[in-house]
Amino acid sequence: LRTRAHIVGCAELKNFVNSPRMGPWIKDLYFKSSANPVAQQEDVVATLKHLGKVLQQTPNLESLAVHSGLLRALRGEEVQDCFRNLMDALRGMQKLERLSLTADQGAVAALPELCEVISQSPRLKKLDLANWFQGPGEGPELNTRMERLFVEKPSPSRITTLSLAHTGKNEVTHGLVSWLLNSDPSKSALRNLEIYSSDFLFGAGFVREADILDPQQAPWPLQRALEPFMPLVETLRVHCSPQAMGRTSEILRAAKNLRRLSIVGASGFTHFSPIAGCIPATTKLFHLHFSIYPEKAMRLRQSLADKNFMPELETLRLTKDPLKFYDSIVSDDGEQPTDDWQIDEVKRLCAERGVSITNDHTFLSFDELCDLSVT
């Protein structure tokens with residue numbers, strides 16, 4: 001019997017409900033659907049019910065990923081009801097070790113239910129949340145429920161790997177992250193962390209007057225939540241935004257025992273120089289990936305030539321997207337980006353330092369990063 005199910009699209013999900021392939025033997029389930037702007041509401045609700053049936057029939061899941069844009073078609077209480085029904089279907093999965101959830105909107109309203117599910121999952125070690133609480137509009141009722149839940153429900157301090165994307169823009173973030181990782185860092189199991197530095201900033205329309213007047217309250221709740229736990233982190237991936245380099249530097253300084261570091265450059269991120277001096281000396285593996293602009297080879301060479309730059313470095317991994325993405329791009333200094341890492345010079349410097357190096361287009365997943373061995 002197959003123990004994995006990879007389902008893409010609503011039609012495939014509907015077929016899977018009545019398929020002999022579905023059953024309690026499924027241990028790894030992945031479902032992905034895209035938003036359909038013309039979808040009828042009843043069709044969306046029906047699809048979510050199908051997903052609920054699948055989850056009810058697969059109680060022995062060890063890994064679950066639900067990446068769905070379906071809920072864009074819903075509004076108001078129906079958004080909350082659909083999220084809550086999904087959370088109800090997750091209850092009782094005692095073998096769940098990994099949970100990955102990506103939503104589009106309205107997920108703030110389901111945070112209490114999500115937290116209850118997490119607290120009732122005794123084996124959960126890896127948690128990946130995206131787009132779950134982007135704006136500040138959580139409201140006093142939700143705040144009250146969350147505060148009560150943080151007191152009444154045990155903290156899932158067993159979580160070793162946490163990935164957060166597009167999540168950090170309200171104060172619910174601070175309480176939730178602290179609760180997920182255990183309010184007492186000495187009891188937290190966190191070792192691997194993936195974050196987006198853009199989540200350290202408030203987006204347009206999210207800045208509140210109190211955040212500006214009181215530096216202790218603003219404007220980076222995710223950063224304030226993570227800093228006490230950063231000395232525990234051994235593997236860190238940061239998706240870097242050029243607008244948040246200062247906050248990224250502060251997070252790096254706090255990661256005093258880091259061993260693996262991955263910097264993934266977002267649009268406009270041309271080089272890592274502003275944060276190079278903040279990379280912990282304990283770093284043994286350094287990965288650089290550039291989604292649009294390539295790393296300027298001169299900056300990389302200058303850093304490698306400095307023996308104080310990551311003095312314990314053992315492995316350098318360079319990855320970037322194919323050159324076709326660069327064809328129409330001109331950098332800030334007017335230069336046309338090229339496919340040249342000036343790799344021969346970089347390799348020479350690595351050889352002098354006894355550092356192994358790989359250079360290719362294959363992106364390094366976060367799982368692969370965490371599994372790479374270092375001494």
# chains A, B, ... in the order shown; residues from 1 in each chain; ligands from 1
$ residues_around --residues "segment 303-310 of chain A" --least-positions-apart "4" --cutoff "8 Å" --atoms "only C-alpha atoms" --output "JSON, numbers by chain"
{"A": [276, 277, 279, 280, 281, 282, 283, 284, 299, 346, 349, 350]}
$ residues_around --residues "segment 144-159 of chain A" --least-positions-apart "3" --cutoff "10 Å" --atoms "only C-alpha atoms" --output "PyMOL selection string"
chain A and resi 97-98+111-113+115-116+118-127+139-141+162+172+175-176+178-185+187-192
